[in-house]
Amino acid sequence: MSPLATIRTPLPVLQARGLVKRFGRVVAIDEADFDLMPGEVLAVIGDNGAGKTTMIKALVGAIEPDAGEIVMDGAPVHFRSPIEARSAGIETVYQNLALSPALSVAENMFLGRERRIPGWRGRFLRTLDRGGMRREARQRLSDLGILTVQNVDLPVEALSGGQRQGVAVARATAFGTRVVVMDEPTAALGVKESRRVLELILDVKARGMSIILISHNMPHVFEVADRIHIHRLGRRVAVIRPEDHEMSDAVAIMTGAMEPPKTDPIPFVRTDRPRQEGQTS
Ligand SMILES: Nc1ncnc2c1ncn2[C@@H]1O[C@H](COP(=O)(O)OP(=O)(O)O)[C@@H](O)[C@H]1O
Ligand SMILES: [Mg+2]
């Protein structure tokens with residue numbers, strides 16, 4: 001029996017302790033802690049400049065923290081790029097969308113995981129399965145119903161902000177297997193598209209994944225979050241449950257107008273065992 005089997009609370013998916021990131025004299029994250037449990041929607045809220053984006057970038061390997069520890073499934077991880085995080089099952093929708101404007105919608109969906117055609121031509125000539133990728137991209141986007149892109153061959157630069165957001169969300173939810181991170185996913189979307197993204201978050205959760213949702217939209221946060229991580233001046237100051245607090249409390253804690261409530265800390269689990277690929281708990 002693994003030593004972890006004796007722990008009664010579920011093993012957190014992703015944890016961090018004491019994360020620090022400085023940009024010159026600016027301390028963007030200042031000893032931040034983070035806990036993500038399996039199958040939960042964790043909202044991360046905080047004022048502009050609180051360090052939310054920098055923290056998730058450190059978690060997914062988009063930037064290297066100056067200090068701190070990150071573990072996934074109880075094992076230390078050092079993602080050197082978001083591609084490494086992706087191969088561990090973590091997909092990210094960035095606030096400043098990481099799409100390639102000159103490439104088509106379909107190409108963006110499959111960027112970095114292009115499919116080859118079956119048989120020798122795919123294996124030896126590396127021939128891309130463009131038709132298959134185009135069909136799947138079209139299918140995924142229409143299933144999502146969050147955008148009305150008729151033509152997946154259009155370059156992403158021809159899309160509106162909301163449509164681009166839709167492509168990024170579609171890509172993350174289609175390919176994530178453990179964690180989907182969304183940094184302000186509804187900021188550029190209209191009411192109907194935002195609603196679709198919230199449904200999608202709940203779909204992803206129903207598939208057993210965990211979601212990190214950074215958002216300023218308190219009604220959205222209170223509607224879908226299981227727990228709310230409140231970030232202030234570079235660090236986590238509280239974690240609350242939406243059923244225990246009013247939206248106005250969350251905002252007051254976030255701005256420093258209200259003393260953060262005491263919450264039971266989640267134990268930091270770290271083994272020396274390397275993380276196993278495909279591990280699900
Ligand atoms: N690449 C960067 N270079 C310099 N300063 C940065 C950089 N990224 C973020 N910062 C600074 O770090 C702080 C936290 O930013 P950020 O993580 O984007 O906050 P949030 O997402 O909560 O709005 C801000 O003061 C911001 O200006
Ligand atoms: Mg941000």
# chains A, B, ... in the order shown; residues from 1 in each chain; ligands from 1
call {"tool": "residues_around", "arguments": {"residues": "A:Ile201", "least_positions_apart": "3", "cutoff": "8 Å", "atoms": "only C-alpha atoms", "output": "list in words"}}
result
Val41, Val197, Leu198, Val204, Lys205, Ile211 and Val224 of chain A
call {"tool": "residues_near_ligand", "arguments": {"ligand": "ligand 1", "cutoff": "7 Å", "atoms": "only C-alpha atoms and all ligand atoms", "output": "VMD selection string"}}
result
chain A and resid 23 26 to 29 46 to 55
call {"tool": "closest_residue", "arguments": {"among": "A:Arg115, A:Lys21, A:His216, A:Arg138", "to": "ligand 2", "atoms": "only C-alpha atoms and all ligand atoms"}}
result
A:His216
call {"tool": "select_by_dssp", "arguments": {"residues": "stretch 42-170 of chain A", "states": "alpha helix (DSSP H)", "output": "number ranges by chain"}}
result
A: 52-59, 82-87, 105-109, 120-124, 130-144, 161-170
call {"tool": "write_last_selection", "arguments": {"atoms": "N, CA and C atoms", "output": "CSV table (one decimal), in the first residue's frame"}}
result
chain,number,residue,atom,x,y,z
A,52,LYS,N,-2.2,37.5,-9.5
A,52,LYS,CA,-3.0,36.2,-9.9
A,52,LYS,C,-2.4,35.6,-11.1
A,53,THR,N,-2.2,36.4,-12.2
A,53,THR,CA,-1.7,35.9,-13.4
A,53,THR,C,-0.3,35.3,-13.2
A,54,THR,N,0.6,36.1,-12.5
A,54,THR,CA,1.9,35.7,-12.3
A,54,THR,C,2.0,34.3,-11.5
A,55,MET,N,1.1,34.2,-10.6
A,55,MET,CA,1.0,32.9,-9.8
A,55,MET,C,0.7,31.8,-10.7
A,56,ILE,N,-0.3,31.9,-11.5
A,56,ILE,CA,-0.7,30.7,-12.4
A,56,ILE,C,0.4,30.5,-13.4
A,57,LYS,N,1.1,31.5,-13.9
A,57,LYS,CA,2.2,31.3,-14.8
A,57,LYS,C,3.3,30.5,-14.1
A,58,ALA,N,3.5,30.8,-12.9
A,58,ALA,CA,4.6,30.0,-12.2
A,58,ALA,C,4.1,28.6,-12.0
A,59,LEU,N,2.8,28.4,-11.7
A,59,LEU,CA,2.3,27.0,-11.6
A,59,LEU,C,2.5,26.2,-12.8
A,82,PRO,N,5.1,25.7,-20.4
A,82,PRO,CA,3.8,25.2,-20.4
A,82,PRO,C,3.6,23.9,-21.2
A,83,ILE,N,4.5,23.6,-22.1
A,83,ILE,CA,4.4,22.3,-22.8
A,83,ILE,C,4.6,21.2,-21.9
A,84,GLU,N,5.5,21.3,-20.9
A,84,GLU,CA,5.7,20.3,-19.9
A,84,GLU,C,4.5,20.1,-19.0
A,85,ALA,N,3.9,21.3,-18.7
A,85,ALA,CA,2.7,21.2,-17.8
A,85,ALA,C,1.6,20.5,-18.6
A,86,ARG,N,1.5,20.8,-19.9
A,86,ARG,CA,0.5,20.2,-20.7
A,86,ARG,C,0.6,18.7,-20.8
A,87,SER,N,1.9,18.3,-20.9
A,87,SER,CA,2.0,16.8,-21.0
A,87,SER,C,1.7,16.2,-19.6
A,105,VAL,N,-7.8,28.9,-37.5
A,105,VAL,CA,-8.5,28.4,-36.2
A,105,VAL,C,-8.1,26.9,-36.0
A,106,ALA,N,-8.2,26.1,-37.0
A,106,ALA,CA,-7.9,24.7,-36.9
A,106,ALA,C,-6.5,24.4,-36.5
A,107,GLU,N,-5.6,25.2,-37.2
A,107,GLU,CA,-4.1,25.0,-36.8
A,107,GLU,C,-3.9,25.5,-35.4
A,108,ASN,N,-4.6,26.5,-34.9
A,108,ASN,CA,-4.4,26.9,-33.6
A,108,ASN,C,-4.9,25.9,-32.6
A,109,MET,N,-6.0,25.2,-32.9
A,109,MET,CA,-6.5,24.2,-32.0
A,109,MET,C,-5.5,23.1,-31.8
A,120,TRP,N,1.9,4.7,-43.6
A,120,TRP,CA,3.3,5.0,-43.8
A,120,TRP,C,3.5,6.4,-44.2
A,121,ARG,N,2.6,7.1,-44.9
A,121,ARG,CA,2.8,8.5,-45.2
A,121,ARG,C,2.9,9.4,-44.0
A,122,GLY,N,2.0,9.1,-43.0
A,122,GLY,CA,2.1,9.8,-41.8
A,122,GLY,C,3.3,9.5,-41.0
A,123,ARG,N,3.7,8.2,-41.0
A,123,ARG,CA,4.8,7.8,-40.1
A,123,ARG,C,6.1,8.2,-40.7
A,124,PHE,N,6.3,8.0,-42.0
A,124,PHE,CA,7.6,8.3,-42.6
A,124,PHE,C,7.7,9.6,-43.3
A,130,ARG,N,-4.6,17.1,-42.2
A,130,ARG,CA,-5.2,18.4,-42.2
A,130,ARG,C,-6.8,18.3,-42.2
A,131,GLY,N,-7.3,17.3,-43.0
A,131,GLY,CA,-8.7,17.2,-43.1
A,131,GLY,C,-9.3,16.7,-41.8
A,132,GLY,N,-8.6,15.8,-41.1
A,132,GLY,CA,-9.1,15.3,-39.8
A,132,GLY,C,-9.1,16.3,-38.8
A,133,MET,N,-8.0,17.1,-38.7
A,133,MET,CA,-7.9,18.2,-37.7
A,133,MET,C,-8.9,19.3,-38.0
A,134,ARG,N,-9.2,19.6,-39.3
A,134,ARG,CA,-10.2,20.6,-39.6
A,134,ARG,C,-11.6,20.1,-39.1
A,135,ARG,N,-11.9,18.8,-39.4
A,135,ARG,CA,-13.2,18.3,-39.1
A,135,ARG,C,-13.3,18.3,-37.5
A,136,GLU,N,-12.3,17.9,-36.8
A,136,GLU,CA,-12.4,17.8,-35.4
A,136,GLU,C,-12.5,19.2,-34.8
A,137,ALA,N,-11.8,20.1,-35.3
A,137,ALA,CA,-11.8,21.5,-34.8
A,137,ALA,C,-13.3,22.1,-35.0
A,138,ARG,N,-13.8,21.8,-36.2
A,138,ARG,CA,-15.2,22.3,-36.5
A,138,ARG,C,-16.2,21.7,-35.5
A,139,GLN,N,-16.0,20.4,-35.3
A,139,GLN,CA,-16.9,19.6,-34.4
A,139,GLN,C,-16.8,20.2,-33.0
A,140,ARG,N,-15.6,20.3,-32.5
A,140,ARG,CA,-15.4,20.8,-31.1
A,140,ARG,C,-16.0,22.2,-30.9
A,141,LEU,N,-15.8,23.1,-31.9
A,141,LEU,CA,-16.3,24.4,-31.8
A,141,LEU,C,-17.8,24.5,-31.9
A,142,SER,N,-18.4,23.7,-32.7
A,142,SER,CA,-19.8,23.7,-32.8
A,142,SER,C,-20.5,23.1,-31.6
A,143,ASP,N,-19.8,22.0,-31.0
A,143,ASP,CA,-20.3,21.4,-29.8
A,143,ASP,C,-20.4,22.4,-28.7
A,144,LEU,N,-19.3,23.2,-28.6
A,144,LEU,CA,-19.2,24.2,-27.6
A,144,LEU,C,-20.3,25.3,-27.7
A,161,GLY,N,-12.5,39.5,-30.6
A,161,GLY,CA,-11.9,39.1,-29.3
A,161,GLY,C,-12.6,37.9,-28.7
A,162,GLY,N,-13.9,38.0,-28.7
A,162,GLY,CA,-14.7,37.0,-28.1
A,162,GLY,C,-14.6,35.6,-28.8
A,163,GLN,N,-14.5,35.7,-30.2
A,163,GLN,CA,-14.3,34.4,-30.9
A,163,GLN,C,-12.9,33.8,-30.6
A,164,ARG,N,-11.9,34.7,-30.5
A,164,ARG,CA,-10.6,34.1,-30.2
A,164,ARG,C,-10.6,33.5,-28.8
A,165,GLN,N,-11.3,34.1,-27.9
A,165,GLN,CA,-11.4,33.6,-26.5
A,165,GLN,C,-12.0,32.2,-26.6
A,166,GLY,N,-13.0,32.1,-27.5
A,166,GLY,CA,-13.7,30.8,-27.7
A,166,GLY,C,-12.8,29.7,-28.2
A,167,VAL,N,-11.9,30.1,-29.1
A,167,VAL,CA,-11.0,29.1,-29.6
A,167,VAL,C,-10.0,28.6,-28.5
A,168,ALA,N,-9.6,29.6,-27.7
A,168,ALA,CA,-8.6,29.2,-26.6
A,168,ALA,C,-9.3,28.3,-25.6
A,169,VAL,N,-10.5,28.7,-25.2
A,169,VAL,CA,-11.3,27.8,-24.3
A,169,VAL,C,-11.5,26.5,-24.8
A,170,ALA,N,-11.9,26.4,-26.1
A,170,ALA,CA,-12.2,25.1,-26.7
A,170,ALA,C,-11.0,24.2,-26.7
call {"tool": "closest_residue", "arguments": {"among": "A:Ala102, A:Ala88, A:Val93, A:Leu19", "to": "ligand 2", "atoms": "only C-alpha atoms and all ligand atoms"}}
result
A:Val93
call {"tool": "residues_around", "arguments": {"residues": "A:Leu42", "least_positions_apart": "2", "cutoff": "7 Å", "atoms": "only C-alpha atoms", "output": "list of chain:residue names"}}
result
A:Leu36, A:Glu40, A:Val44, A:Ile211, A:Ile212, A:Leu213, A:Ala225, A:Asp226, A:Arg227, A:Ile228, A:His229
call {"tool": "atom_distance", "arguments": {"atom1": "atom CA of A:Pro101", "atom2": "atom CA of A:Val180"}}
result
22.4 Å
call {"tool": "closest_residue", "arguments": {"among": "A:Val20, A:Ala174, A:Leu111, A:Val239", "to": "A:Asp35", "atoms": "only C-alpha atoms"}}
result
A:Val239
call {"tool": "residues_around", "arguments": {"residues": "A:Pro219", "least_positions_apart": "3", "cutoff": "8 Å", "atoms": "only C-alpha atoms", "output": "ChimeraX atom specification"}}
result
/A:222-223,247
call {"tool": "atom_distance", "arguments": {"atom1": "atom CA of A:Glu64", "atom2": "atom CA of A:Val77"}}
result
11.9 Å
call {"tool": "closest_residue", "arguments": {"among": "A:Leu200, A:Val156, A:Arg241, A:Ile45", "to": "A:Met218", "atoms": "only C-alpha atoms"}}
result
A:Ile45
call {"tool": "atom_distance", "arguments": {"atom1": "atom CA of A:Arg113", "atom2": "atom CA of A:Arg273"}}
result
28.7 Å
call {"tool": "residues_around", "arguments": {"residues": "A:Val269", "least_positions_apart": "2", "cutoff": "12 Å", "atoms": "only C-alpha atoms", "output": "ChimeraX atom specification"}}
result
/A:3-4,7,9-17,35-37,69-76,265-267,271-273
call {"tool": "closest_residue", "arguments": {"among": "A:Arg25, A:Arg196, A:His231, A:Arg116", "to": "A:Thr255", "atoms": "only C-alpha atoms"}}
result
A:His231
call {"tool": "closest_residue", "arguments": {"among": "A:Leu99, A:Ala187, A:Ile90, A:Leu202", "to": "ligand 2", "atoms": "only C-alpha atoms and all ligand atoms"}}
result
A:Ala187
call {"tool": "decode", "arguments": {"residues": "stretch 57-80 of chain A", "atoms": "N, CA and C atoms", "output": "CSV table (one decimal), in the first residue's frame"}}
result
chain,number,residue,atom,x,y,z
A,57,LYS,N,1.1,31.5,-13.9
A,57,LYS,CA,2.2,31.3,-14.8
A,57,LYS,C,3.3,30.5,-14.1
A,58,ALA,N,3.5,30.8,-12.9
A,58,ALA,CA,4.6,30.0,-12.2
A,58,ALA,C,4.1,28.6,-12.0
A,59,LEU,N,2.8,28.4,-11.7
A,59,LEU,CA,2.3,27.0,-11.6
A,59,LEU,C,2.5,26.2,-12.8
A,60,VAL,N,2.2,26.8,-14.0
A,60,VAL,CA,2.2,26.0,-15.3
A,60,VAL,C,3.5,26.1,-16.0
A,61,GLY,N,4.6,26.7,-15.4
A,61,GLY,CA,5.9,26.7,-16.1
A,61,GLY,C,6.1,27.8,-17.1
A,62,ALA,N,5.2,28.8,-17.2
A,62,ALA,CA,5.3,29.9,-18.1
A,62,ALA,C,6.4,30.9,-17.6
A,63,ILE,N,6.6,31.0,-16.3
A,63,ILE,CA,7.7,31.7,-15.7
A,63,ILE,C,8.3,30.9,-14.6
A,64,GLU,N,9.5,31.2,-14.3
A,64,GLU,CA,10.2,30.4,-13.3
A,64,GLU,C,10.1,31.2,-12.0
A,65,PRO,N,9.6,30.7,-10.9
A,65,PRO,CA,9.5,31.5,-9.7
A,65,PRO,C,11.0,31.6,-9.1
A,66,ASP,N,11.2,32.7,-8.3
A,66,ASP,CA,12.5,32.9,-7.7
A,66,ASP,C,12.6,32.0,-6.5
A,67,ALA,N,11.5,31.6,-5.8
A,67,ALA,CA,11.5,30.8,-4.7
A,67,ALA,C,10.2,30.1,-4.6
A,68,GLY,N,10.2,29.0,-3.8
A,68,GLY,CA,8.9,28.3,-3.5
A,68,GLY,C,9.0,26.9,-4.1
A,69,GLU,N,7.9,26.1,-3.6
A,69,GLU,CA,7.8,24.7,-4.0
A,69,GLU,C,6.5,24.5,-4.7
A,70,ILE,N,6.5,23.6,-5.7
A,70,ILE,CA,5.3,23.2,-6.4
A,70,ILE,C,5.2,21.7,-6.4
A,71,VAL,N,4.1,21.1,-6.1
A,71,VAL,CA,3.9,19.7,-6.2
A,71,VAL,C,2.7,19.4,-6.9
A,72,MET,N,2.7,18.3,-7.7
A,72,MET,CA,1.5,17.8,-8.4
A,72,MET,C,1.3,16.3,-7.9
A,73,ASP,N,0.1,16.0,-7.5
A,73,ASP,CA,-0.1,14.6,-6.9
A,73,ASP,C,0.9,14.3,-5.9
A,74,GLY,N,1.3,15.3,-5.1
A,74,GLY,CA,2.2,15.0,-4.0
A,74,GLY,C,3.7,14.9,-4.4
A,75,ALA,N,4.0,15.0,-5.6
A,75,ALA,CA,5.4,14.9,-6.0
A,75,ALA,C,5.9,16.2,-6.6
A,76,PRO,N,7.1,16.6,-6.2
A,76,PRO,CA,7.7,17.9,-6.7
A,76,PRO,C,7.7,18.0,-8.2
A,77,VAL,N,7.3,19.1,-8.8
A,77,VAL,CA,7.4,19.3,-10.2
A,77,VAL,C,8.1,20.6,-10.5
A,78,HIS,N,8.8,20.7,-11.6
A,78,HIS,CA,9.5,21.9,-12.0
A,78,HIS,C,9.3,22.0,-13.5
A,79,PHE,N,8.0,22.4,-13.9
A,79,PHE,CA,7.7,22.6,-15.3
A,79,PHE,C,8.6,23.7,-15.9
A,80,ARG,N,9.3,23.4,-16.9
A,80,ARG,CA,10.2,24.4,-17.5
A,80,ARG,C,9.5,25.2,-18.6
